[in-house]
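One file, final-v4.txt, carrying compact mmCIF, C-alpha atoms:
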```txt
# COMPACT_ATOMS: atom_id res chain seq x y z
CA MET A 207 10.20 -33.99 4.26
CA ILE A 208 8.99 -31.15 2.03
CA ARG A 209 11.77 -29.85 -0.20
CA LEU A 210 11.73 -26.41 -1.82
CA TYR A 211 14.05 -25.47 -4.67
CA ASN A 212 14.44 -21.83 -3.97
CA TYR A 213 16.41 -18.65 -4.52
CA HIS A 214 16.25 -16.50 -1.41
CA LEU A 215 15.62 -13.18 -3.19
CA ASP A 216 12.99 -14.72 -5.51
CA GLU A 217 9.54 -13.31 -4.89
CA ASN A 218 7.71 -16.52 -5.81
CA GLY A 219 9.91 -18.54 -3.49
CA PHE A 220 8.88 -16.11 -0.74
CA ARG A 221 5.21 -16.84 -1.49
CA VAL A 222 5.79 -20.55 -0.81
CA ARG A 223 8.05 -20.01 2.22
CA LEU A 224 5.45 -17.63 3.66
CA LEU A 225 2.69 -20.23 3.36
CA LEU A 226 4.89 -23.01 4.74
CA SER A 227 5.66 -20.81 7.74
CA MET A 228 2.05 -19.79 8.29
CA LEU A 229 0.95 -23.44 8.11
CA GLY A 230 3.71 -24.36 10.56
CA LEU A 231 5.23 -26.94 8.18
CA SER A 232 8.90 -27.87 8.37
CA PHE A 233 10.80 -28.07 5.10
CA GLU A 234 14.28 -28.08 3.64
CA THR A 235 15.46 -25.76 0.90
CA VAL A 236 17.79 -26.39 -2.00
CA ALA A 237 19.47 -23.13 -2.99
CA VAL A 238 19.36 -22.53 -6.76
CA ASP A 239 21.62 -19.87 -8.30
CA LYS A 240 18.96 -17.91 -10.15
CA ALA A 241 20.94 -14.64 -10.22
CA PRO A 242 23.35 -14.39 -11.82
CA GLY A 243 23.64 -18.12 -12.74
CA ARG A 244 20.13 -18.78 -14.20
CA GLU A 245 20.67 -22.31 -12.95
CA GLN A 246 16.94 -23.04 -13.08
CA GLU A 247 17.05 -22.74 -16.88
CA LYS A 248 19.84 -25.31 -17.30
CA PRO A 249 19.61 -29.05 -17.94
CA PRO A 250 19.98 -30.49 -14.42
CA MET A 251 17.13 -28.27 -13.21
CA LEU A 252 15.11 -28.63 -16.43
CA ALA A 253 14.84 -32.33 -15.58
CA LEU A 254 12.88 -31.28 -12.50
CA ASN A 255 10.90 -28.48 -14.14
CA PRO A 256 10.93 -28.20 -17.94
CA THR A 257 9.54 -24.64 -17.79
CA GLY A 258 12.75 -23.40 -16.17
CA THR A 259 11.09 -21.46 -13.36
CA LEU A 260 11.36 -21.32 -9.59
CA PRO A 261 10.19 -22.41 -7.12
CA ILE A 262 9.84 -26.18 -7.39
CA LEU A 263 8.28 -28.20 -4.59
CA GLU A 264 8.83 -31.86 -3.77
CA ASP A 265 6.71 -33.61 -1.16
CA GLY A 266 7.11 -37.41 -1.19
CA ASP A 267 6.24 -38.53 -4.71
CA VAL A 268 4.69 -35.19 -5.63
CA ARG A 269 6.77 -32.71 -7.61
CA LEU A 270 5.21 -29.40 -8.66
CA PHE A 271 6.15 -26.20 -10.45
CA GLY A 272 4.01 -23.05 -10.73
CA THR A 273 3.54 -20.97 -7.59
CA ALA A 274 -0.26 -20.99 -7.49
CA ALA A 275 -0.35 -24.78 -7.92
CA ILE A 276 2.19 -25.24 -5.12
CA LEU A 277 0.21 -22.99 -2.76
CA ALA A 278 -3.08 -24.78 -3.48
CA TYR A 279 -1.44 -28.19 -3.11
CA LEU A 280 0.11 -27.36 0.27
CA VAL A 281 -3.23 -26.29 1.71
CA ARG A 282 -5.11 -29.33 0.33
CA ALA A 283 -2.41 -31.77 1.47
CA HIS A 284 -1.47 -30.33 4.85
CA ALA A 285 -4.30 -28.04 6.01
CA PRO A 286 -7.38 -29.33 4.15
CA ASP A 287 -9.95 -27.86 6.56
CA SER A 288 -8.24 -24.49 6.93
CA PRO A 289 -9.84 -21.30 5.58
CA TRP A 290 -6.83 -20.65 3.30
CA LEU A 291 -8.74 -22.47 0.54
CA THR A 292 -12.41 -22.31 1.41
CA ALA A 293 -14.90 -25.08 0.50
CA ASP A 294 -17.68 -22.59 -0.36
CA ALA A 295 -18.02 -22.67 -4.16
CA ALA A 296 -18.36 -18.90 -4.70
CA ASP A 297 -15.45 -18.02 -2.44
CA PHE A 298 -13.38 -20.89 -3.88
CA GLY A 299 -13.94 -19.32 -7.31
CA ARG A 300 -12.98 -15.88 -6.00
CA VAL A 301 -9.78 -17.24 -4.46
CA GLN A 302 -8.92 -18.89 -7.80
CA GLN A 303 -9.64 -15.59 -9.57
CA TRP A 304 -7.09 -13.75 -7.41
CA LEU A 305 -4.60 -16.64 -7.61
CA GLY A 306 -4.82 -16.29 -11.38
CA PHE A 307 -4.38 -12.52 -11.01
CA SER A 308 -1.25 -13.10 -8.91
CA THR A 309 0.39 -15.13 -11.70
CA ARG A 310 -0.95 -13.06 -14.63
CA GLU A 311 -1.60 -9.38 -13.79
CA LEU A 312 1.16 -9.31 -11.16
CA LYS A 313 3.78 -10.91 -13.42
CA PRO A 314 4.93 -7.45 -14.62
CA ALA A 315 5.48 -6.51 -10.95
CA VAL A 316 7.58 -9.65 -10.41
CA ASP A 317 9.52 -9.00 -13.63
CA ALA A 318 10.02 -5.29 -12.86
CA ARG A 319 11.46 -6.09 -9.45
CA GLU A 320 13.83 -8.73 -10.83
CA ALA A 321 15.00 -6.39 -13.58
CA ALA A 322 15.54 -3.60 -11.03
CA LEU A 323 17.55 -5.83 -8.71
CA PHE A 324 19.49 -8.04 -11.10
CA THR A 325 19.98 -6.21 -14.42
CA SER A 326 21.84 -3.07 -15.41
CA GLU A 327 18.92 -1.87 -17.59
CA GLY A 328 16.48 -1.86 -14.68
CA ALA A 329 12.71 -2.28 -14.88
CA SER A 330 10.97 -1.53 -18.17
CA ASP A 331 8.43 1.29 -18.36
CA SER A 332 5.80 -1.10 -19.68
CA ASP A 333 6.25 -3.50 -16.73
CA LEU A 334 6.13 -0.63 -14.22
CA LYS A 335 2.98 0.72 -15.83
CA ALA A 336 1.30 -2.70 -15.80
CA ALA A 337 2.39 -3.27 -12.20
CA ARG A 338 0.86 0.04 -11.10
CA LYS A 339 -2.35 -0.87 -12.91
CA ALA A 340 -2.51 -4.21 -11.08
CA PHE A 341 -1.94 -2.55 -7.68
CA ARG A 342 -4.65 -0.03 -8.50
CA ILE A 343 -7.13 -2.84 -9.24
CA MET A 344 -6.23 -4.44 -5.90
CA ASN A 345 -6.56 -1.10 -4.08
CA ASP A 346 -9.96 -0.42 -5.66
CA HIS A 347 -11.12 -3.86 -4.51
CA MET A 348 -9.91 -3.42 -0.93
CA THR A 349 -11.37 0.11 -0.75
CA LEU A 350 -14.81 -1.41 -1.35
CA ARG A 351 -14.13 -4.29 1.05
CA GLN A 352 -13.09 -1.93 3.83
CA ILE A 353 -16.22 0.20 3.57
CA GLU A 354 -18.13 -3.01 4.26
CA GLY A 355 -15.95 -3.67 7.29
CA LEU A 356 -14.16 -6.58 5.58
CA ASP A 357 -10.41 -6.97 6.03
CA TRP A 358 -9.46 -9.55 3.38
CA PHE A 359 -9.72 -10.06 -0.37
CA VAL A 360 -12.27 -12.91 -0.11
CA GLY A 361 -14.63 -13.90 2.72
CA ASN A 362 -14.03 -13.11 6.38
CA THR A 363 -10.60 -14.67 6.86
CA PRO A 364 -7.21 -14.51 5.17
CA THR A 365 -7.09 -16.88 2.18
CA LEU A 366 -4.58 -17.87 -0.47
CA ALA A 367 -5.83 -14.82 -2.38
CA ASP A 368 -4.27 -12.50 0.23
CA LEU A 369 -1.15 -14.61 0.58
CA ALA A 370 -0.49 -14.80 -3.17
CA LEU A 371 -1.13 -11.09 -3.81
CA LEU A 372 0.71 -9.66 -0.83
CA PRO A 373 4.41 -10.26 -1.68
CA SER A 374 4.31 -8.13 -4.85
CA PHE A 375 2.93 -5.17 -2.93
CA ALA A 376 5.21 -5.71 0.08
CA LEU A 377 8.26 -5.74 -2.26
CA SER A 378 7.11 -3.03 -4.71
CA ARG A 379 9.61 -0.46 -3.44
CA ASP A 380 12.40 -2.70 -4.81
CA CYS A 381 11.42 -1.41 -8.26
CA GLY A 382 10.54 2.09 -7.09
CA ILE A 383 6.76 1.78 -6.76
CA ASP A 384 5.88 3.51 -3.50
CA HIS A 385 2.90 2.63 -1.34
CA ASP A 386 1.42 6.13 -1.15
CA GLU A 387 -1.18 5.66 -3.92
CA TYR A 388 -2.59 2.50 -2.34
CA PRO A 389 -3.93 3.37 1.14
CA ALA A 390 -6.28 0.37 1.33
CA LEU A 391 -3.38 -1.97 0.50
CA ARG A 392 -1.20 -0.33 3.16
CA ARG A 393 -3.79 -1.14 5.81
CA TRP A 394 -4.23 -4.67 4.43
CA LEU A 395 -0.46 -5.29 4.48
CA ARG A 396 -0.23 -4.14 8.08
CA ARG A 397 -3.05 -6.47 9.12
CA PHE A 398 -1.55 -9.43 7.28
CA ARG A 399 1.83 -8.85 8.92
CA THR A 400 0.27 -9.47 12.37
CA LEU A 401 -0.94 -12.99 11.45
CA PRO A 402 0.77 -15.93 13.20
CA GLY A 403 3.70 -17.32 11.23
CA PHE A 404 4.29 -14.22 9.09
CA ILE A 405 7.90 -13.99 7.94
CA THR A 406 9.86 -11.32 6.10
CA MET A 407 12.53 -11.42 3.41
CA PRO A 408 15.08 -8.84 2.23
CA GLY A 409 12.97 -5.91 0.97
CA VAL A 410 10.19 -6.47 3.52
CA PRO A 411 11.24 -4.59 6.66
CA ASP A 412 11.25 -6.48 9.97
CA TYR A 413 10.25 -3.27 11.70
CA HIS A 414 7.11 -1.49 10.63
CA MET B 72 -16.43 30.56 2.18
CA THR B 73 -12.92 29.25 2.20
CA SER B 74 -10.61 30.56 -0.47
CA ALA B 75 -6.89 30.61 -1.14
CA LEU B 76 -6.37 27.99 1.53
CA ALA B 77 -2.97 27.66 3.13
CA TRP B 78 -4.05 24.13 4.03
CA ILE B 79 -3.42 21.26 1.65
CA PRO B 80 -5.19 17.90 2.11
CA VAL B 81 -2.75 14.98 2.30
CA ALA B 82 -4.74 11.89 3.39
CA LEU B 83 -8.00 10.56 4.74
CA SER B 84 -7.79 10.52 8.53
CA ALA B 85 -8.97 6.89 8.55
CA ASP B 86 -6.07 5.81 6.32
CA ILE B 87 -3.41 6.89 8.83
CA GLU B 88 -3.96 4.53 11.74
CA ALA B 89 -2.42 5.20 15.16
CA GLY B 90 1.24 4.16 15.24
CA THR B 91 1.65 4.26 11.45
CA SER B 92 3.24 6.49 8.82
CA ALA B 93 2.81 7.03 5.09
CA GLY B 94 4.75 8.95 2.49
CA THR B 95 3.09 11.39 0.12
CA LEU B 96 3.94 14.03 -2.49
CA VAL B 97 2.86 17.66 -2.17
CA ASN B 98 3.72 19.91 -5.11
CA GLY B 99 6.56 17.57 -5.95
CA GLU B 100 8.00 17.50 -2.41
CA GLU B 101 8.12 14.30 -0.35
CA ARG B 102 6.25 14.46 2.97
CA VAL B 103 5.63 11.92 5.70
CA VAL B 104 2.23 11.81 7.42
CA TRP B 105 2.28 9.93 10.70
CA ARG B 106 0.08 9.40 13.72
CA ASP B 107 1.51 8.74 17.18
CA ASP B 108 0.04 6.26 19.63
CA LYS B 109 -1.97 9.04 21.31
CA GLY B 110 -3.72 9.74 18.00
CA GLU B 111 -2.00 13.04 17.19
CA ILE B 112 -1.27 13.63 13.50
CA HIS B 113 2.08 14.96 12.21
CA VAL B 114 3.32 16.07 8.77
CA TRP B 115 7.06 16.46 8.20
CA GLU B 116 9.61 16.58 5.48
CA ASP B 117 10.10 12.93 4.50
CA ARG B 118 13.83 12.84 5.04
CA CYS B 119 16.05 11.66 7.88
CA PRO B 120 18.84 14.27 8.36
CA HIS B 121 21.35 11.44 8.85
CA ARG B 122 21.48 9.66 5.49
CA GLY B 123 18.46 11.10 3.69
CA MET B 124 16.36 7.94 4.08
CA ARG B 125 12.62 8.53 3.83
CA MET B 126 11.07 8.67 7.31
CA SER B 127 7.90 7.12 5.87
CA PHE B 128 9.86 3.86 5.43
CA GLY B 129 10.50 3.92 9.18
CA PHE B 130 8.38 2.95 12.15
CA VAL B 131 6.40 4.65 14.89
CA ARG B 132 7.03 3.73 18.52
CA GLY B 133 4.88 5.60 21.05
CA ASP B 134 5.21 9.30 20.30
CA HIS B 135 8.46 8.91 18.37
CA ILE B 136 9.13 7.99 14.74
CA ALA B 137 12.32 6.11 13.90
CA CYS B 138 14.30 5.85 10.69
CA LEU B 139 14.50 2.40 9.11
CA TYR B 140 18.22 2.73 8.33
CA HIS B 141 19.85 3.32 11.72
CA GLY B 142 16.95 3.73 14.12
CA TRP B 143 17.45 7.43 14.85
CA ARG B 144 14.37 8.43 16.86
CA TYR B 145 12.57 11.78 16.63
CA ASP B 146 10.00 13.27 19.00
CA THR B 147 6.79 15.01 17.88
CA SER B 148 8.59 18.34 17.38
CA GLY B 149 10.96 16.71 14.85
CA GLN B 150 13.86 16.80 17.31
CA CYS B 151 16.16 13.77 17.26
CA ARG B 152 16.22 12.26 20.77
CA TYR B 153 18.07 8.97 20.45
CA ILE B 154 20.78 7.48 18.25
CA PRO B 155 21.07 3.72 18.91
CA ALA B 156 24.72 3.53 17.81
CA HIS B 157 25.58 6.17 20.45
CA PRO B 158 23.19 5.38 23.30
CA ASP B 159 24.91 7.72 25.79
CA LEU B 160 25.09 10.70 23.47
CA LYS B 161 23.04 13.78 24.26
CA VAL B 162 21.74 14.43 20.74
CA PRO B 163 22.55 17.93 19.42
CA GLN B 164 19.56 20.27 18.96
CA THR B 165 20.61 20.80 15.35
CA ILE B 166 19.50 17.27 14.36
CA LYS B 167 15.90 18.08 13.57
CA VAL B 168 13.44 17.23 10.78
CA PRO B 169 11.58 20.25 9.31
CA THR B 170 7.93 20.08 10.35
CA PHE B 171 4.63 21.54 9.17
CA ALA B 172 1.38 22.52 10.81
CA ALA B 173 -1.01 19.56 10.70
CA THR B 174 -4.67 19.29 11.59
CA GLU B 175 -7.72 17.16 10.90
CA ARG B 176 -11.07 18.41 9.69
CA ALA B 177 -13.95 16.76 7.81
CA GLY B 178 -12.24 13.36 7.96
CA ILE B 179 -9.14 14.64 6.18
CA VAL B 180 -5.54 15.33 7.28
CA TRP B 181 -4.41 18.84 6.23
CA MET B 182 -0.95 20.41 6.25
CA ALA B 183 0.22 24.03 6.03
CA PRO B 184 3.36 26.05 6.80
CA GLU B 185 4.09 26.23 10.54
CA GLY B 186 1.97 28.92 12.18
CA ALA B 187 -1.03 28.59 9.83
CA ASP B 188 -4.43 28.97 11.50
CA PRO B 189 -6.63 25.83 11.55
CA ALA B 190 -9.64 28.18 11.84
CA GLU B 191 -9.31 28.68 8.08
CA LEU B 192 -10.94 25.27 7.78
CA SER B 193 -13.82 26.08 10.14
CA THR B 194 -16.40 26.33 7.33
CA LEU B 195 -15.95 22.59 6.74
CA HIS B 196 -17.79 19.98 8.77
CA GLU B 197 -15.92 19.13 11.92
CA ALA B 198 -16.18 15.37 11.33
CA ALA B 199 -17.00 13.22 8.30
CA GLU B 200 -16.91 9.61 7.18
CA PRO B 201 -14.25 8.42 4.71
CA VAL B 202 -15.27 7.63 1.13
CA ARG B 203 -11.93 7.13 -0.58
CA SER B 204 -8.75 8.77 -1.82
CA LEU B 205 -8.53 8.75 -5.60
CA PHE B 206 -5.22 9.09 -7.45
CA LEU B 207 -5.24 10.48 -10.98
CA ASP B 208 -2.46 11.17 -13.45
CA MET B 209 -3.63 14.69 -14.31
CA PRO B 210 -3.19 18.21 -12.88
CA ALA B 211 -5.32 19.29 -9.89
CA GLU B 212 -7.31 22.03 -11.65
CA ALA B 213 -8.26 19.81 -14.58
CA THR B 214 -9.20 17.05 -12.16
CA LEU B 215 -11.55 19.30 -10.21
CA LEU B 216 -13.14 20.57 -13.44
CA ALA B 217 -13.82 16.96 -14.45
CA VAL B 218 -15.36 16.28 -11.04
CA THR B 219 -17.63 19.33 -11.17
CA ALA B 220 -18.74 18.41 -14.71
CA ALA B 221 -19.90 14.93 -13.67
CA PRO B 222 -21.50 14.98 -10.21
CA PRO B 223 -22.78 11.68 -8.82
CA GLU B 224 -26.46 11.07 -9.52
CA GLY B 225 -28.67 12.70 -6.89
CA TYR B 226 -26.10 15.30 -5.85
CA ARG B 227 -25.62 18.93 -6.87
CA PRO B 228 -22.51 21.06 -6.55
CA ILE B 229 -22.56 23.95 -4.07
CA GLU B 230 -20.17 26.85 -3.81
CA SER B 231 -16.83 26.00 -2.26
CA GLY B 232 -13.28 27.26 -2.06
CA THR B 233 -10.14 26.85 -4.11
CA GLY B 234 -9.03 23.26 -4.41
CA LEU B 235 -12.36 21.96 -3.11
CA VAL B 236 -15.59 20.68 -4.61
CA THR B 237 -18.66 20.15 -2.45
CA PHE B 238 -21.79 18.21 -3.41
CA GLN B 239 -25.07 18.01 -1.55
CA GLY B 240 -27.68 15.28 -1.87
CA ASN B 241 -29.20 12.33 -0.03
CA GLU B 242 -29.07 14.43 3.19
CA MET B 243 -25.30 14.40 2.94
CA THR B 244 -22.50 16.84 2.18
CA VAL B 245 -19.74 15.29 0.08
CA LEU B 246 -16.36 17.02 0.27
CA ILE B 247 -13.75 16.48 -2.45
CA ALA B 248 -10.39 18.03 -1.58
CA ALA B 249 -7.58 18.11 -4.14
CA GLN B 250 -3.95 17.46 -3.23
CA PRO B 251 -1.57 18.56 -6.01
CA ARG B 252 1.04 15.77 -5.87
CA ASP B 253 3.10 17.26 -8.66
CA ALA B 254 2.43 19.11 -11.91
CA GLY B 255 0.77 16.10 -13.52
CA ARG B 256 -0.64 14.08 -10.64
CA THR B 257 -3.45 14.68 -8.17
CA ALA B 258 -5.00 12.95 -5.19
CA LEU B 259 -8.66 13.61 -4.38
CA HIS B 260 -9.62 12.97 -0.76
CA ILE B 261 -13.36 12.34 -0.53
CA THR B 262 -15.47 12.28 2.64
CA ALA B 263 -19.18 12.48 3.47
CA ALA B 264 -20.91 14.23 6.38
CA GLY B 265 -24.52 14.10 7.47
CA ASN B 266 -26.87 11.15 7.16
CA THR B 267 -24.24 8.75 5.78
CA SER B 268 -24.51 5.00 5.39
CA ALA B 269 -22.13 2.34 4.10
CA THR B 270 -24.41 1.89 1.06
CA LEU B 271 -24.33 5.59 0.12
CA ARG B 272 -20.58 5.76 0.64
CA ARG B 273 -20.17 2.62 -1.47
CA ASP B 274 -22.12 4.30 -4.29
CA LEU B 275 -19.81 7.32 -4.02
CA ILE B 276 -16.72 5.07 -4.18
CA LEU B 277 -18.07 3.48 -7.36
CA TRP B 278 -18.84 6.91 -8.83
CA ALA B 279 -15.33 8.16 -8.05
CA THR B 280 -13.61 5.06 -9.43
CA ASP B 281 -15.68 5.23 -12.61
CA LEU B 282 -14.91 8.95 -12.97
CA ARG B 283 -11.17 8.25 -12.76
CA ASN B 284 -11.41 5.48 -15.35
CA ARG B 285 -13.43 7.64 -17.76
CA VAL B 286 -11.27 10.75 -17.37
CA GLU B 287 -8.03 8.81 -17.87
CA SER B 288 -9.33 6.94 -20.91
CA GLN B 289 -10.35 10.30 -22.44
CA MET B 290 -6.79 11.49 -21.82
CA VAL B 291 -5.40 8.42 -23.60
CA GLU B 292 -7.70 9.03 -26.57
CA ALA B 293 -6.74 12.71 -26.69
CA ALA B 294 -3.02 11.90 -26.58
```

When written as structure tokens, how does the structure in this file appear?
Amino acid sequence: MIRLYNYHLDENGFRVRLLLSMLGLSFETVAVDKAPGREQEKPPMLALNPTGTLPILEDGDVRLFGTAAILAYLVRAHAPDSPWLTADAADFGRVQQWLGFSTRELKPAVDAREAALFTSEGASDSDLKAARKAFRIMNDHMTLRQIEGLDWFVGNTPTLADLALLPSFALSRDCGIDHDEYPALRRWLRRFRTLPGFITMPGVPDYH
Amino acid sequence: MTSALAWIPVALSADIEAGTSAGTLVNGEERVVWRDDKGEIHVWEDRCPHRGMRMSFGFVRGDHIACLYHGWRYDTSGQCRYIPAHPDLKVPQTIKVPTFAATERAGIVWMAPEGADPAELSTLHEAAEPVRSLFLDMPAEATLLAVTAAPPEGYRPIESGTGLVTFQGNEMTVLIAAQPRDAGRTALHITAAGNTSATLRRDLILWATDLRNRVESQMVEAA
């Protein structure tokens, strides 16, 4: 049985739960008190993941931390021939590029949302600015894709690139970043929501 | 020539798909732009009279738009028709969202005060292909000056009205319509009419994106 150490309001946990759902995999969750307890940074959890982050995935003998690694592992292990992680070298590279973007350029968006939800200070101006810049890069990319009649970040099908990028945009209103400046991302989000197995979380409306 | 337009551009027609809504800012005021399932476009104040929730966070069902909070449903005149918590209630006429005149011309959604004449836009092409909307952190007038000063290669500016820039070239007419979002932010809605192709529109997207990046980096240097 796949086991996910997870905090339900955690954006990165949502990334993994979304993929598990879209792959149709059953799993159990272990609830970790990230807010306010910061349990993932304390010794019992540090034994599982020394970096003190969530989520953590266990699947048989395999234990992984780092969201992008977990996503890539799940596809390779449980849906190896699926288009989520294409075999084509160029598109594989492009998916990795956006996976990297999701953990690097979108980190300010993740941090801004957490600060807005769980701290009294709220999101920092520098994180909000960096988050907007990241969304703008994504919107510029999808504007060009759409003029070519292409619906997804890479290739002709949804890939891990779309799945890893989408939660930050879907949840951006949690830290006050509206969707109005990103029309190409609005259309992309609506399309992704219609895919089989899509799930929501608090902050992503069930109705749309 | 169009001048002193009552009509303000608020979106590319292609970006508001049937059955969807989007929020936007016009001179600092929040507006919702939505399209019903018959394809009609609507622009309203972006505020549910019940609890003040933004209607653009809600959802379109048929020719009604519903608020995300409590599902209050409004018809295309802005009149509330159904309150789920009180299914048998005949909803009072006073529960109504303020609406604006809305029309589409040259591939762009335009809004104006109720009663405005869409014929004011008749000098523009009736239909056009979308290029892109471009969002800049600078005032509308300065943005349009920057656009006029750096036309895309192969195009020349022709006379146009207030809030608009028009280029001609490559057997196309390129329309750039400025939406003042607030005092310091502008959206440019760009479309192309005539002998368009995906390649030419792609080149225009790249020109526009590059223009935004150059103009904003000049602003950073000047600051």

### Task
Go through A:Gly382, A:Pro286, A:Pro389, A:Gly306 and flag the residue nearest chain B, using only C-alpha atoms for the distances.
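Using only C-alpha atoms, chain B sits closest to A:Pro389.
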
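Counting only C-alpha atoms and comparing B:Lys109, B:Arg152, B:His196, B:Arg102, the residue that lies closest to chain A is B:Arg102.
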
Contacts of chain B with chain A up to 6 Å, shortest pair per row, only C-alpha atoms, as a Markdown table:
```
| residue | atom | partner | partner_atom | distance |
| --- | --- | --- | --- | --- |
| B:Gly94 | CA | A:Asp386 | CA | 5.7 |
| B:Thr95 | CA | A:Asp386 | CA | 5.7 |
| B:Phe130 | CA | A:His414 | CA | 4.9 |
```

With 4 Å of padding per side, what axis-aligned box (centre and edge lengths, Å, one decimal) covers all the listed atoms of range 388-405 of chain A? Give it as lines of an AutoDock Vina configuration file.
```
center_x = 0.8
center_y = -7.0
center_z = 5.4
size_x = 22.2
size_y = 28.7
size_z = 23.5
```

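Going from CA of Cys119 in chain B over to CA of Ser84 in chain B, you cover 23.9 Å.
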
### Query
Using only C-alpha atoms, which residues sit within 8 Å of range 162-164 of chain B once same-chain residues fewer than 6 positions away are excluded, as a list in words?
Gln150, Cys151, Arg152, Tyr153 and Ile154 of chain B

## Note on the structure
Separating CA of Arg283 in chain B from CA of Gln250 in chain B, to the nearest tenth of an Å, is a gap of 15.1 Å

### Query
Contacts of Arg223 in chain A at 12 Å or less, counting only C-alpha atoms, minus same-chain residues fewer than 2 places along, as number ranges by chain?
A: 208-221, 225-235, 261-263, 273, 276-277, 280, 369-370, 373, 403-407

### Query
How many Å separate CA of His135 in chain B from CA of Asp108 in chain B?
8.9 Å

### Task
Check the smallest atom-to-atom distance from each of B:Leu216, B:Leu160, B:Met124, B:Val104 to Thr147 in chain B using only C-alpha atoms, then report the winner.
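Checking each of B:Leu216, B:Leu160, B:Met124, B:Val104 against Thr147 in chain B, counting only C-alpha atoms, the winner is B:Val104.
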
### Query
Residues at most 6 Å from range 264-271 of chain B, counting all atoms listed in the file, excluding those fewer than 5 positions away in the same chain, as a PyMOL selection string?
chain B and resi 199+242-244
